[in-house]
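Chemist: Following this line is query_9.pdb, made up of PDB, C-alpha atoms, pLDDT in the B column:
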ATOM      1  CA  MET K 122       3.345   2.602 -65.061  1.00 86.00           C
ATOM      2  CA  GLN K 123       6.789   4.119 -64.882  1.00 88.00           C
ATOM      3  CA  VAL K 124       8.175   0.940 -63.307  1.00 91.00           C
ATOM      4  CA  ALA K 125       6.673  -1.194 -66.080  1.00 94.00           C
ATOM      5  CA  ILE K 126       8.217   1.006 -68.765  1.00 94.00           C
ATOM      6  CA  LEU K 127      11.541   0.887 -66.941  1.00 94.00           C
ATOM      7  CA  MET K 128      11.448  -2.920 -66.870  1.00 96.00           C
ATOM      8  CA  ILE K 129      10.627  -3.019 -70.602  1.00 96.00           C
ATOM      9  CA  HIS K 130      13.465  -0.550 -71.217  1.00 96.00           C
ATOM     10  CA  VAL K 131      15.982  -2.769 -69.415  1.00 96.00           C
ATOM     11  CA  ALA K 132      14.768  -5.878 -71.262  1.00 97.00           C
ATOM     12  CA  ILE K 133      15.126  -4.098 -74.610  1.00 97.00           C
ATOM     13  CA  ALA K 134      18.631  -2.936 -73.667  1.00 96.00           C
ATOM     14  CA  ILE K 135      19.709  -6.495 -72.813  1.00 97.00           C
ATOM     15  CA  ALA K 136      18.161  -7.814 -76.044  1.00 95.00           C
ATOM     16  CA  LEU K 137      19.966  -5.121 -78.055  1.00 95.00           C
ATOM     17  CA  VAL K 138      23.313  -6.053 -76.554  1.00 95.00           C
ATOM     18  CA  ALA K 139      22.729  -9.734 -77.275  1.00 93.00           C
ATOM     19  CA  LEU K 140      21.609  -9.028 -80.855  1.00 91.00           C
ATOM     20  CA  ILE K 141      24.577  -6.823 -81.606  1.00 90.00           C
ATOM     21  CA  LEU K 142      26.966  -9.441 -80.259  1.00 90.00           C
ATOM     22  CA  LEU K 143      25.326 -12.126 -82.426  1.00 86.00           C
ATOM     23  CA  GLN K 144      25.846 -10.196 -85.663  1.00 84.00           C
ATOM     24  CA  GLN K 145      28.884 -10.729 -87.829  1.00 78.00           C
ATOM     25  CA  GLY K 146      31.313  -7.972 -88.579  1.00 74.00           C
ATOM     26  CA  LYS K 147      32.056  -6.511 -92.014  1.00 69.00           C
ATOM     27  CA  GLY K 148      35.096  -8.749 -92.561  1.00 65.00           C
ATOM     28  CA  ALA K 149      33.303 -11.989 -91.686  1.00 59.00           C
ATOM     29  CA  GLU K 150      32.565 -12.840 -95.339  1.00 60.00           C
ATOM     30  CA  ALA K 151      36.222 -13.667 -95.916  1.00 59.00           C
ATOM     31  CA  GLY K 152      35.831 -16.714 -93.652  1.00 56.00           C
ATOM     32  CA  ALA K 153      33.304 -18.238 -96.059  1.00 57.00           C
ATOM     33  CA  ALA K 154      36.101 -18.868 -98.549  1.00 58.00           C
ATOM     34  CA  PHE K 155      37.710 -21.270 -96.063  1.00 60.00           C
ATOM     35  CA  GLY K 156      34.592 -23.345 -95.394  1.00 58.00           C
ATOM     36  CA  GLY K 157      32.664 -21.179 -92.933  1.00 54.00           C
ATOM     37  CA  GLY K 158      29.797 -20.358 -95.299  1.00 52.00           C
ATOM     38  CA  ALA K 159      27.779 -23.527 -94.724  1.00 51.00           C
ATOM     39  CA  SER K 160      26.571 -22.430 -91.290  1.00 50.00           C
ATOM     40  CA  GLN K 161      24.567 -19.494 -92.702  1.00 52.00           C
ATOM     41  CA  THR K 162      22.041 -21.571 -94.670  1.00 55.00           C
ATOM     42  CA  VAL K 163      19.419 -21.593 -91.874  1.00 57.00           C
ATOM     43  CA  PHE K 164      18.338 -17.991 -92.526  1.00 58.00           C
ATOM     44  CA  GLY K 165      18.576 -18.142 -96.329  1.00 59.00           C
ATOM     45  CA  SER K 166      21.209 -17.239 -98.868  1.00 57.00           C
ATOM     46  CA  ARG K 167      21.801 -13.803 -97.379  1.00 57.00           C
ATOM     47  CA  GLY K 168      22.462 -15.298 -93.984  1.00 59.00           C
ATOM     48  CA  THR K 169      21.298 -13.694 -90.749  1.00 61.00           C
ATOM     49  CA  GLY K 170      22.320 -10.196 -91.832  1.00 67.00           C
ATOM     50  CA  GLY K 171      18.946  -8.984 -93.084  1.00 83.00           C
ATOM     51  CA  PHE K 172      16.895 -10.521 -90.268  1.00 86.00           C
ATOM     52  CA  LEU K 173      19.183  -9.429 -87.425  1.00 86.00           C
ATOM     53  CA  ALA K 174      19.653  -5.949 -88.890  1.00 87.00           C
ATOM     54  CA  LYS K 175      15.888  -5.401 -89.106  1.00 91.00           C
ATOM     55  CA  LEU K 176      15.312  -6.763 -85.613  1.00 92.00           C
ATOM     56  CA  THR K 177      18.101  -4.533 -84.280  1.00 92.00           C
ATOM     57  CA  ALA K 178      16.501  -1.499 -85.926  1.00 93.00           C
ATOM     58  CA  VAL K 179      13.109  -2.312 -84.396  1.00 95.00           C
ATOM     59  CA  LEU K 180      14.609  -2.807 -80.936  1.00 95.00           C
ATOM     60  CA  ALA K 181      16.641   0.401 -81.257  1.00 96.00           C
ATOM     61  CA  ALA K 182      13.486   2.360 -82.112  1.00 96.00           C
ATOM     62  CA  ALA K 183      11.703   0.813 -79.110  1.00 97.00           C
ATOM     63  CA  PHE K 184      14.692   1.671 -76.911  1.00 96.00           C
ATOM     64  CA  PHE K 185      14.568   5.320 -77.992  1.00 97.00           C
ATOM     65  CA  ALA K 186      10.802   5.431 -77.442  1.00 97.00           C
ATOM     66  CA  THR K 187      11.084   4.057 -73.905  1.00 96.00           C
ATOM     67  CA  SER K 188      13.985   6.429 -73.205  1.00 96.00           C
ATOM     68  CA  LEU K 189      11.907   9.433 -74.241  1.00 96.00           C
ATOM     69  CA  THR K 190       8.933   8.182 -72.241  1.00 95.00           C
ATOM     70  CA  LEU K 191      11.046   7.762 -69.108  1.00 93.00           C
ATOM     71  CA  ALA K 192      12.520  11.232 -69.623  1.00 92.00           C
ATOM     72  CA  TYR K 193       9.000  12.667 -69.894  1.00 91.00           C
ATOM     73  CA  PHE K 194       7.971  10.959 -66.648  1.00 89.00           C
ATOM     74  CA  ALA K 195      11.091  12.270 -64.921  1.00 87.00           C
ATOM     75  CA  GLY K 196      10.270  15.794 -66.069  1.00 84.00           C
ATOM     76  CA  GLN K 197       6.709  15.506 -64.781  1.00 83.00           C
ATOM     77  CA  ALA K 198       7.834  14.203 -61.389  1.00 74.00           C
ATOM     78  CA  GLY K 199       6.852  17.483 -59.782  1.00 67.00           C
ATOM     79  CA  GLN K 200       8.522  19.223 -56.903  1.00 59.00           C
ATOM     80  CA  ALA K 201      11.885  17.513 -56.811  1.00 57.00           C
ATOM     81  CA  PRO K 202      14.286  19.144 -54.362  1.00 59.00           C
ATOM     82  CA  GLU K 203      16.891  21.266 -56.050  1.00 62.00           C
ATOM     83  CA  ALA K 204      20.526  20.534 -55.407  1.00 66.00           C
ATOM     84  CA  GLY K 205      22.615  23.195 -53.767  1.00 69.00           C
ATOM     85  CA  ILE K 206      22.322  25.403 -50.707  1.00 71.00           C
ATOM     86  CA  PRO K 207      18.912  25.138 -49.020  1.00 65.00           C
ATOM     87  CA  ASP K 208      16.719  28.154 -48.312  1.00 70.00           C
ATOM     88  CA  ALA K 209      17.339  30.015 -45.038  1.00 72.00           C
ATOM     89  CA  ARG K 210      13.761  29.313 -43.868  1.00 74.00           C
ATOM     90  CA  LEU K 211      14.380  25.581 -44.244  1.00 69.00           C
ATOM     91  CA  ILE K 212      17.556  25.830 -42.169  1.00 69.00           C
ATOM     92  CA  GLU K 213      15.669  27.722 -39.428  1.00 69.00           C
ATOM     93  CA  GLN K 214      12.932  25.088 -39.385  1.00 66.00           C
ATOM     94  CA  GLN K 215      15.488  22.324 -38.992  1.00 61.00           C
ATOM     95  CA  ASN K 216      17.235  24.160 -36.155  1.00 59.00           C
ATOM     96  CA  SER K 217      13.996  24.714 -34.212  1.00 59.00           C
ATOM     97  CA  VAL K 218      12.980  21.037 -34.148  1.00 58.00           C
ATOM     98  CA  PRO K 219      13.260  19.675 -30.585  1.00 62.00           C
ATOM     99  CA  THR K 220      15.510  16.706 -30.015  1.00 63.00           C
ATOM    100  CA  LEU K 221      15.113  13.792 -27.637  1.00 65.00           C
ATOM    101  CA  ASP K 222      17.683  15.280 -25.265  1.00 63.00           C
ATOM    102  CA  GLU K 223      15.554  18.372 -24.702  1.00 58.00           C
ATOM    103  CA  GLY K 224      12.588  18.155 -22.387  1.00 58.00           C
ATOM    104  CA  PRO K 225      11.783  17.615 -18.751  1.00 58.00           C
ATOM    105  CA  GLN K 226      14.709  16.293 -16.766  1.00 58.00           C
ATOM    106  CA  ASP K 227      12.666  15.177 -13.735  1.00 57.00           C
ATOM    107  CA  LEU K 228      11.833  11.768 -15.175  1.00 60.00           C
ATOM    108  CA  ASP K 229      13.488   8.778 -13.561  1.00 62.00           C
ATOM    109  CA  ASN K 230      14.856   6.631 -16.351  1.00 62.00           C
ATOM    110  CA  SER K 231      16.611   4.089 -14.142  1.00 69.00           C
ATOM    111  CA  ALA K 232      15.815   0.390 -14.426  1.00 70.00           C
ATOM    112  CA  PRO K 233      13.544  -1.103 -11.777  1.00 70.00           C
ATOM    113  CA  VAL K 234      15.235  -2.997  -8.944  1.00 70.00           C
ATOM    114  CA  LEU K 235      13.970  -6.427  -7.954  1.00 74.00           C
ATOM    115  CA  GLU K 236      13.126  -6.783  -4.325  1.00 76.00           C
ATOM    116  CA  GLU K 237      15.016  -9.466  -2.506  1.00 75.00           C
ATOM    117  CA  THR K 238      13.126 -11.846  -0.255  1.00 73.00           C
ATOM    118  CA  GLY K 239      14.602 -13.201   2.933  1.00 63.00           C
ATOM    119  CA  GLU K 240      14.596 -16.856   1.923  1.00 60.00           C
TER     120      GLU K 240
END
Taking this structure as input, can you express it in the form of structure tokens?
Modeler:
Amino acid sequence: MQVAILMIHVAIAIALVALILLQQGKGAEAGAAFGGGASQTVFGSRGTGGFLAKLTAVLAAAFFATSLTLAYFAGQAGQAPEAGIPDARLIEQQNSVPTLDEGPQDLDNSAPVLEETGE
């Protein structure tokens, strides 16, 4: 479930960036005086401002909701290892683990030799 929410979170973030880049700035109305106002008639007389602003607000609320949900899941993750110096018992356990070099030395680890025939 956490992965699904994370994927939704990323999709909302990308959509928010695209929506914000599509919106016009505050000084964009001055361009309408020079003939740029005819392109805004698709979304009505107010242009895309009302529609995009409402959609941005909805996506921002969804982004905050998914952020809080992911933070809750991260807090409930359980026994995450703490950063810093490990406990002395943990260090002793790691030092007492045998390695591959330790062990019986009487084993013959040489490769087998092929016997030569007299032919």
Chemist: Specify as a tab-separated table (two decimals) with C-alpha atoms, keeping the file's coordinate frame each residue included when the PyMOL selection byres ((chain K and resi 133) around 12) is applied to this file.
Modeler:
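The resulting expr06.tsv:
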chain	number	residue	atom	x	y	z
K	126	ILE	CA	8.22	1.01	-68.76
K	127	LEU	CA	11.54	0.89	-66.94
K	128	MET	CA	11.45	-2.92	-66.87
K	129	ILE	CA	10.63	-3.02	-70.60
K	130	HIS	CA	13.46	-0.55	-71.22
K	131	VAL	CA	15.98	-2.77	-69.42
K	132	ALA	CA	14.77	-5.88	-71.26
K	134	ALA	CA	18.63	-2.94	-73.67
K	135	ILE	CA	19.71	-6.50	-72.81
K	136	ALA	CA	18.16	-7.81	-76.04
K	137	LEU	CA	19.97	-5.12	-78.06
K	138	VAL	CA	23.31	-6.05	-76.55
K	139	ALA	CA	22.73	-9.73	-77.28
K	140	LEU	CA	21.61	-9.03	-80.86
K	176	LEU	CA	15.31	-6.76	-85.61
K	177	THR	CA	18.10	-4.53	-84.28
K	178	ALA	CA	16.50	-1.50	-85.93
K	179	VAL	CA	13.11	-2.31	-84.40
K	180	LEU	CA	14.61	-2.81	-80.94
K	181	ALA	CA	16.64	0.40	-81.26
K	182	ALA	CA	13.49	2.36	-82.11
K	183	ALA	CA	11.70	0.81	-79.11
K	184	PHE	CA	14.69	1.67	-76.91
K	185	PHE	CA	14.57	5.32	-77.99
K	186	ALA	CA	10.80	5.43	-77.44
K	187	THR	CA	11.08	4.06	-73.90
K	188	SER	CA	13.98	6.43	-73.20
Chemist: Report the distance between CA of Ala125 in chain K and CA of Leu143 in chain K in Å, rounded to one decimal place.
Modeler: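 Value for the CA of Ala125 in chain K-CA of Leu143 in chain K distance: 27.1 Å.
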Chemist: Just the number, please: distance in Å from CA of Gly171 in chain K to CA of Ile141 in chain K, one decimal.
Modeler: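 Distance reported for this atom pair: 13.0 Å.
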